[in-house]
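Report on one structure; see the data block that follows.
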Amino acid sequence: MLVNVYVLVSVIFLINPLLGILLGASCCLDYKQSKYGIYLLIWMLAIYMAFINATKIPLSDMLEYQKVFFQAKEYGVVDYIQLNGKEPIFYALTYICYYLFWGNWDLYVMFLTLLYYLIINYSIVLFGKKCSCSSLSIVIALIVGAFFFQIFIMTGHLIRQCLAEAFFIYFLIRKFVIKRTSWWVAILALGMHSSVLPLIGISLLPQIKRSLTIKEFLKGVLLLVVLALVFFLLESVLSSVFFLAYLYSRVGSENLLGKDVWQTESGVGGLGILLGIVVVFMIFSIKRKMRLYDNGNIVNPLINNCLCLIFVLCILSICEADYLLLRYFFYLYSYFSLLLMIFLDQHKSQMWKFMKISLVPLFIVYFMYSIDSGVFCFELSWRELLGLPLIFYPLFL
């Protein structure tokens with residue numbers, strides 16, 4: 001019976017993606033009875049975002065990514081990676097994708113977007129299951145995370161960093177939720193974007209697992225400072241190592257403490273500050289109610305990692321390091337859906353149930369509005385996103 005429902009939802013998704021997603025979400029409200037439905041929802045959300053992102057008109061960073069993508073036909077894989085001299089795993093993946101997709105740029109963008117949302121959404125579900133969250137809280141976290149326009153727009157702009165964020169969150173989930181320290185995931189994250197290195201370092205601190213007191217926090221900060229000093233002292237030795245040479249050059253770049261027009265104008269503005277306030281509010285609300293639940297050993301590490309990131313952002317803001325501030329501020333988005341899911345699940349009254357459900361149309365409406373009125377341009381308008389069958393989306397690529 002459920003198989004027939006999933007097939008019907010999939011067909012509706014092809015005819016009207018948004019309607020298919022909403023119907024799929026409604027089928028997941030009894031998670032124990034429809035555990036495969038949640039994975040269908042994960043795939044529908046990822047596919048939908050991938051198709052939309054492929055219709056985005058490239059500009060700024062995307063033009064550079066496009067140039068690098070087409071360079072693959074001119075070099076062998078080793079020369080190609082050495083030419084770019086940056087994160088080797090990302091450029092190896094780009095090289096493979098060029099030939100896998102016959103040099104089709106749109107398919108490449110779709111694949112990377114799909115990969116990002118699959119990893120993030122799967123992490124949300126794993127975290128939600130382990131914390132015994134209700135199916136409603138999990139579904140809302142998935143939909144809000146997918147239709148959060150500021151997150152979506154970065155998946156087609158800061159491609160490497162978004163993939164690093166996804167792998168980093170998955171690394172945290174495996175380490176603290178599944179209790180498996182999967183170094184291969186951390187290496188994948190670092191190989192996508194080197195900015196994730198300090199966050200991986202923070203996650204390895206022993207204090208992260210416990211309730212973070214001021215004393216424990218200061219000990220962790222001191223340890224990070226010592227490790228950073230060791231990192232810089234070994235520059236003469238390690239800077240000759242491939243990939244680490246690029247990392248040292250980035251750290252020593254004057255741009256890291258400079259001000260860039262796009263970075264400052266589109267970065268931590270009103271919406272960014274609001275997001276930070278909401279995240280801090282959710283963290284303290286979760287901490288206050290956590291004693292009523294038996295999941296503190298799972299939730300604490302995630303909250304502590306997020307608090308450390310917020311501390312870093314405050315330091316960068318005080319130092320007016322706008323470039324780094326914006327780069328690391330984007331990592332805050334990665335925690336949003338996970339924290340939102342726990343926060344919503346701790347509030348179970350009827351009034352809160354209505355408020356939870358109302359987040360779905362709120363974020364979808366804002367997403368559709370931003371498609372037409374945002375800084376970036378898309379071949380599809382919000383009207384076409386609402387009514388056009390998915391099978392016709394390729395016409396706009």
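Going through the structure tokens in order, the chains are called A, B, and so on, while each chain numbers its residues from 1 and the ligands are numbered from 1 in the order shown.
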Non-local contacts of region 68-84 of chain A (10 Å; only C-alpha atoms; under 2 positions in same chain excluded) as an mmCIF file with N, CA, C and O atoms, in the first residue's frame:
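Below you can see out32.cif, which holds the result:
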```
data_model
loop_
_atom_site.group_PDB
_atom_site.id
_atom_site.type_symbol
_atom_site.label_atom_id
_atom_site.label_comp_id
_atom_site.auth_asym_id
_atom_site.auth_seq_id
_atom_site.Cartn_x
_atom_site.Cartn_y
_atom_site.Cartn_z
ATOM 1 N N MET A 62 30.713 32.126 -9.700
ATOM 2 C CA MET A 62 30.269 31.042 -10.574
ATOM 3 C C MET A 62 30.943 31.112 -11.943
ATOM 4 O O MET A 62 31.185 30.078 -12.579
ATOM 5 N N LEU A 63 31.249 32.302 -12.415
ATOM 6 C CA LEU A 63 31.950 32.434 -13.690
ATOM 7 C C LEU A 63 33.351 31.835 -13.597
ATOM 8 O O LEU A 63 33.833 31.219 -14.553
ATOM 9 N N GLU A 64 33.981 32.017 -12.446
ATOM 10 C CA GLU A 64 35.302 31.434 -12.238
ATOM 11 C C GLU A 64 35.213 29.918 -12.161
ATOM 12 O O GLU A 64 36.039 29.202 -12.735
ATOM 13 N N TYR A 65 34.196 29.409 -11.462
ATOM 14 C CA TYR A 65 33.990 27.959 -11.396
ATOM 15 C C TYR A 65 33.719 27.397 -12.789
ATOM 16 O O TYR A 65 34.177 26.304 -13.131
ATOM 17 N N GLN A 66 32.963 28.126 -13.591
ATOM 18 C CA GLN A 66 32.653 27.686 -14.957
ATOM 19 C C GLN A 66 33.919 27.617 -15.807
ATOM 20 O O GLN A 66 34.124 26.655 -16.564
ATOM 21 N N LYS A 86 44.587 24.362 -5.277
ATOM 22 C CA LYS A 86 43.755 24.586 -4.098
ATOM 23 C C LYS A 86 43.351 23.245 -3.502
ATOM 24 O O LYS A 86 44.166 22.336 -3.418
ATOM 25 N N GLU A 87 42.100 23.144 -3.078
ATOM 26 C CA GLU A 87 41.620 21.927 -2.445
ATOM 27 C C GLU A 87 41.565 20.785 -3.466
ATOM 28 O O GLU A 87 40.745 20.830 -4.393
ATOM 29 N N PRO A 88 42.415 19.781 -3.320
ATOM 30 C CA PRO A 88 42.575 18.762 -4.370
ATOM 31 C C PRO A 88 41.349 17.885 -4.585
ATOM 32 O O PRO A 88 41.080 17.487 -5.722
ATOM 33 N N ILE A 89 40.603 17.579 -3.534
ATOM 34 C CA ILE A 89 39.454 16.674 -3.700
ATOM 35 C C ILE A 89 38.373 17.339 -4.540
ATOM 36 O O ILE A 89 37.777 16.694 -5.413
ATOM 37 N N PHE A 90 38.120 18.615 -4.303
ATOM 38 C CA PHE A 90 37.098 19.302 -5.084
ATOM 39 C C PHE A 90 37.475 19.336 -6.561
ATOM 40 O O PHE A 90 36.635 19.077 -7.439
ATOM 41 N N TYR A 91 38.734 19.640 -6.859
ATOM 42 C CA TYR A 91 39.128 19.764 -8.265
ATOM 43 C C TYR A 91 39.261 18.402 -8.935
ATOM 44 O O TYR A 91 39.053 18.296 -10.151
ATOM 45 N N ALA A 92 39.576 17.380 -8.168
ATOM 46 C CA ALA A 92 39.543 16.021 -8.729
ATOM 47 C C ALA A 92 38.103 15.645 -9.069
ATOM 48 O O ALA A 92 37.837 15.048 -10.128
ATOM 49 N N LEU A 93 37.176 16.009 -8.180
ATOM 50 C CA LEU A 93 35.755 15.747 -8.434
ATOM 51 C C LEU A 93 35.282 16.528 -9.662
ATOM 52 O O LEU A 93 34.540 15.991 -10.504
ATOM 53 N N THR A 94 35.707 17.772 -9.778
ATOM 54 C CA THR A 94 35.324 18.592 -10.938
ATOM 55 C C THR A 94 35.843 17.983 -12.237
ATOM 56 O O THR A 94 35.127 17.942 -13.253
ATOM 57 N N TYR A 95 37.076 17.505 -12.189
ATOM 58 C CA TYR A 95 37.664 16.882 -13.379
ATOM 59 C C TYR A 95 36.870 15.649 -13.801
ATOM 60 O O TYR A 95 36.557 15.461 -14.989
ATOM 61 N N ILE A 96 36.520 14.817 -12.838
ATOM 62 C CA ILE A 96 35.732 13.610 -13.121
ATOM 63 C C ILE A 96 34.362 13.989 -13.679
ATOM 64 O O ILE A 96 33.866 13.378 -14.634
ATOM 65 N N CYS A 97 33.746 15.015 -13.064
ATOM 66 C CA CYS A 97 32.404 15.432 -13.487
ATOM 67 C C CYS A 97 32.397 15.968 -14.914
ATOM 68 O O CYS A 97 31.411 15.790 -15.643
ATOM 69 N N TYR A 98 33.491 16.615 -15.308
ATOM 70 C CA TYR A 98 33.540 17.154 -16.675
ATOM 71 C C TYR A 98 33.345 16.038 -17.697
ATOM 72 O O TYR A 98 32.590 16.189 -18.668
ATOM 73 N N TYR A 99 34.026 14.922 -17.488
ATOM 74 C CA TYR A 99 33.919 13.802 -18.436
ATOM 75 C C TYR A 99 32.683 12.947 -18.171
ATOM 76 O O TYR A 99 32.100 12.383 -19.100
ATOM 77 N N GLY A 103 31.008 17.318 -20.347
ATOM 78 C CA GLY A 103 31.292 18.744 -20.399
ATOM 79 C C GLY A 103 30.069 19.628 -20.254
ATOM 80 O O GLY A 103 30.109 20.808 -20.608
ATOM 81 N N ASN A 104 28.976 19.080 -19.709
ATOM 82 C CA ASN A 104 27.744 19.853 -19.544
ATOM 83 C C ASN A 104 27.766 20.580 -18.201
ATOM 84 O O ASN A 104 27.678 19.958 -17.140
ATOM 85 N N TRP A 105 27.863 21.890 -18.251
ATOM 86 C CA TRP A 105 27.952 22.714 -17.050
ATOM 87 C C TRP A 105 26.703 22.606 -16.180
ATOM 88 O O TRP A 105 26.792 22.539 -14.951
ATOM 89 N N TYR A 108 26.622 19.544 -14.138
ATOM 90 C CA TYR A 108 27.622 19.664 -13.072
ATOM 91 C C TYR A 108 27.058 20.436 -11.877
ATOM 92 O O TYR A 108 27.182 20.011 -10.726
ATOM 93 N N PHE A 242 52.204 20.043 -0.868
ATOM 94 C CA PHE A 242 51.083 20.394 -1.751
ATOM 95 C C PHE A 242 49.791 20.506 -0.952
ATOM 96 O O PHE A 242 49.547 19.711 -0.061
ATOM 97 N N PHE A 243 48.973 21.479 -1.289
ATOM 98 C CA PHE A 243 47.723 21.805 -0.629
ATOM 99 C C PHE A 243 47.965 22.636 0.633
ATOM 100 O O PHE A 243 47.349 23.663 0.829
ATOM 101 N N TYR A 246 49.002 26.097 -0.327
ATOM 102 C CA TYR A 246 47.871 26.989 -0.623
ATOM 103 C C TYR A 246 47.231 27.485 0.668
ATOM 104 O O TYR A 246 46.866 28.655 0.795
#
```
*Skip Leu275 (chain A) itself and residues of its chain fewer than 4 positions away, then list as a PyMOL selection string all residues within 9 Å of it, counting only C-alpha atoms.*
chain A and resi 270-271+279-280+332-333+336
*Point out the residue among A:Ile342, A:Ile357, A:Leu126, A:Leu229 with the least atom-to-atom distance to Ile178 (chain A), counting only C-alpha atoms.*
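Nearest candidate to Ile178 (chain A) out of A:Ile342, A:Ile357, A:Leu126, A:Leu229: A:Leu126.
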*Nearest candidate to Ser132 (chain A) (options A:Met282, A:Leu388, A:Ala50, A:Met341; using only C-alpha atoms)*: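 Smallest distance to Ser132 (chain A) is found for A:Met341.
Neighbouring residues of Val109 (chain A) at 9 Å or closer, counting only C-alpha atoms and skipping chain neighbours under 6 positions away, are Ala50, Phe51, Asn53, Ala54, Gly156 and Ile159 of chain A.
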Could those selected residues go to a file with all heavy atoms, as a JSON list (two decimals), in the first residue's frame?
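Listed below is the output, out15.json:
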```
[["chain", "number", "residue", "atom", "x", "y", "z"],
["A", 50, "ALA", "N", 18.22, 21.21, -7.09],
["A", 50, "ALA", "CA", 19.25, 21.04, -8.12],
["A", 50, "ALA", "C", 18.79, 21.58, -9.46],
["A", 50, "ALA", "O", 19.55, 22.26, -10.17],
["A", 50, "ALA", "CB", 19.62, 19.55, -8.24],
["A", 51, "PHE", "N", 17.54, 21.30, -9.83],
["A", 51, "PHE", "CA", 17.01, 21.80, -11.10],
["A", 51, "PHE", "C", 16.93, 23.33, -11.09],
["A", 51, "PHE", "O", 17.26, 23.98, -12.08],
["A", 51, "PHE", "CB", 15.63, 21.20, -11.38],
["A", 51, "PHE", "CG", 15.68, 19.94, -12.19],
["A", 51, "PHE", "CD1", 15.59, 18.69, -11.59],
["A", 51, "PHE", "CD2", 15.81, 20.00, -13.57],
["A", 51, "PHE", "CE1", 15.64, 17.53, -12.34],
["A", 51, "PHE", "CE2", 15.86, 18.84, -14.34],
["A", 51, "PHE", "CZ", 15.77, 17.60, -13.72],
["A", 53, "ASN", "N", 18.70, 25.44, -9.29],
["A", 53, "ASN", "CA", 20.04, 26.02, -9.28],
["A", 53, "ASN", "C", 20.68, 25.98, -10.66],
["A", 53, "ASN", "O", 21.48, 26.86, -11.00],
["A", 53, "ASN", "CB", 20.92, 25.26, -8.28],
["A", 53, "ASN", "CG", 21.74, 26.20, -7.41],
["A", 53, "ASN", "OD1", 21.63, 27.42, -7.50],
["A", 53, "ASN", "ND2", 22.57, 25.62, -6.57],
["A", 54, "ALA", "N", 20.34, 24.97, -11.44],
["A", 54, "ALA", "CA", 20.91, 24.85, -12.79],
["A", 54, "ALA", "C", 20.41, 25.95, -13.72],
["A", 54, "ALA", "O", 21.04, 26.22, -14.76],
["A", 54, "ALA", "CB", 20.59, 23.48, -13.37],
["A", 156, "GLY", "N", 24.92, 27.74, -5.10],
["A", 156, "GLY", "CA", 25.27, 28.06, -6.48],
["A", 156, "GLY", "C", 26.20, 29.24, -6.57],
["A", 156, "GLY", "O", 26.28, 29.90, -7.61],
["A", 159, "ILE", "N", 30.43, 27.33, -3.95],
["A", 159, "ILE", "CA", 30.22, 25.90, -4.13],
["A", 159, "ILE", "C", 31.12, 25.08, -3.22],
["A", 159, "ILE", "O", 30.67, 24.17, -2.51],
["A", 159, "ILE", "CB", 30.46, 25.49, -5.60],
["A", 159, "ILE", "CG1", 29.44, 26.17, -6.51],
["A", 159, "ILE", "CG2", 30.36, 23.98, -5.75],
["A", 159, "ILE", "CD1", 29.66, 25.88, -7.98]]
```
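Each of A:Leu338, A:Leu100, A:Val196, A:Leu204 was compared to Cys131 (chain A) using only C-alpha atoms, and A:Leu338 turns out to be the nearest.
If you measure from each of A:Ala141, A:Leu115, A:Val9, A:Ile47 to Val360 (chain A) using only C-alpha atoms, the closest one turns out to be A:Ala141.
Across the structure, CA of Cys162 (chain A) and CA of Leu307 (chain A) are spaced 19.9 Å apart.
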*For Pro301 (chain A), which residue out of A:Glu384, A:Ser203, A:Ile315, A:Gly374 is the nearest one, using only C-alpha atoms?*
A:Ser203
*May I have the residues within 12 Å of Ala166 (chain A) as a PyMOL selection string, using only C-alpha atoms and disregarding those fewer than 6 positions away in the same chain?*
chain A and resi 112-124+151+155+159-160+172-173+185-186+188-190+192-193+196+330-335
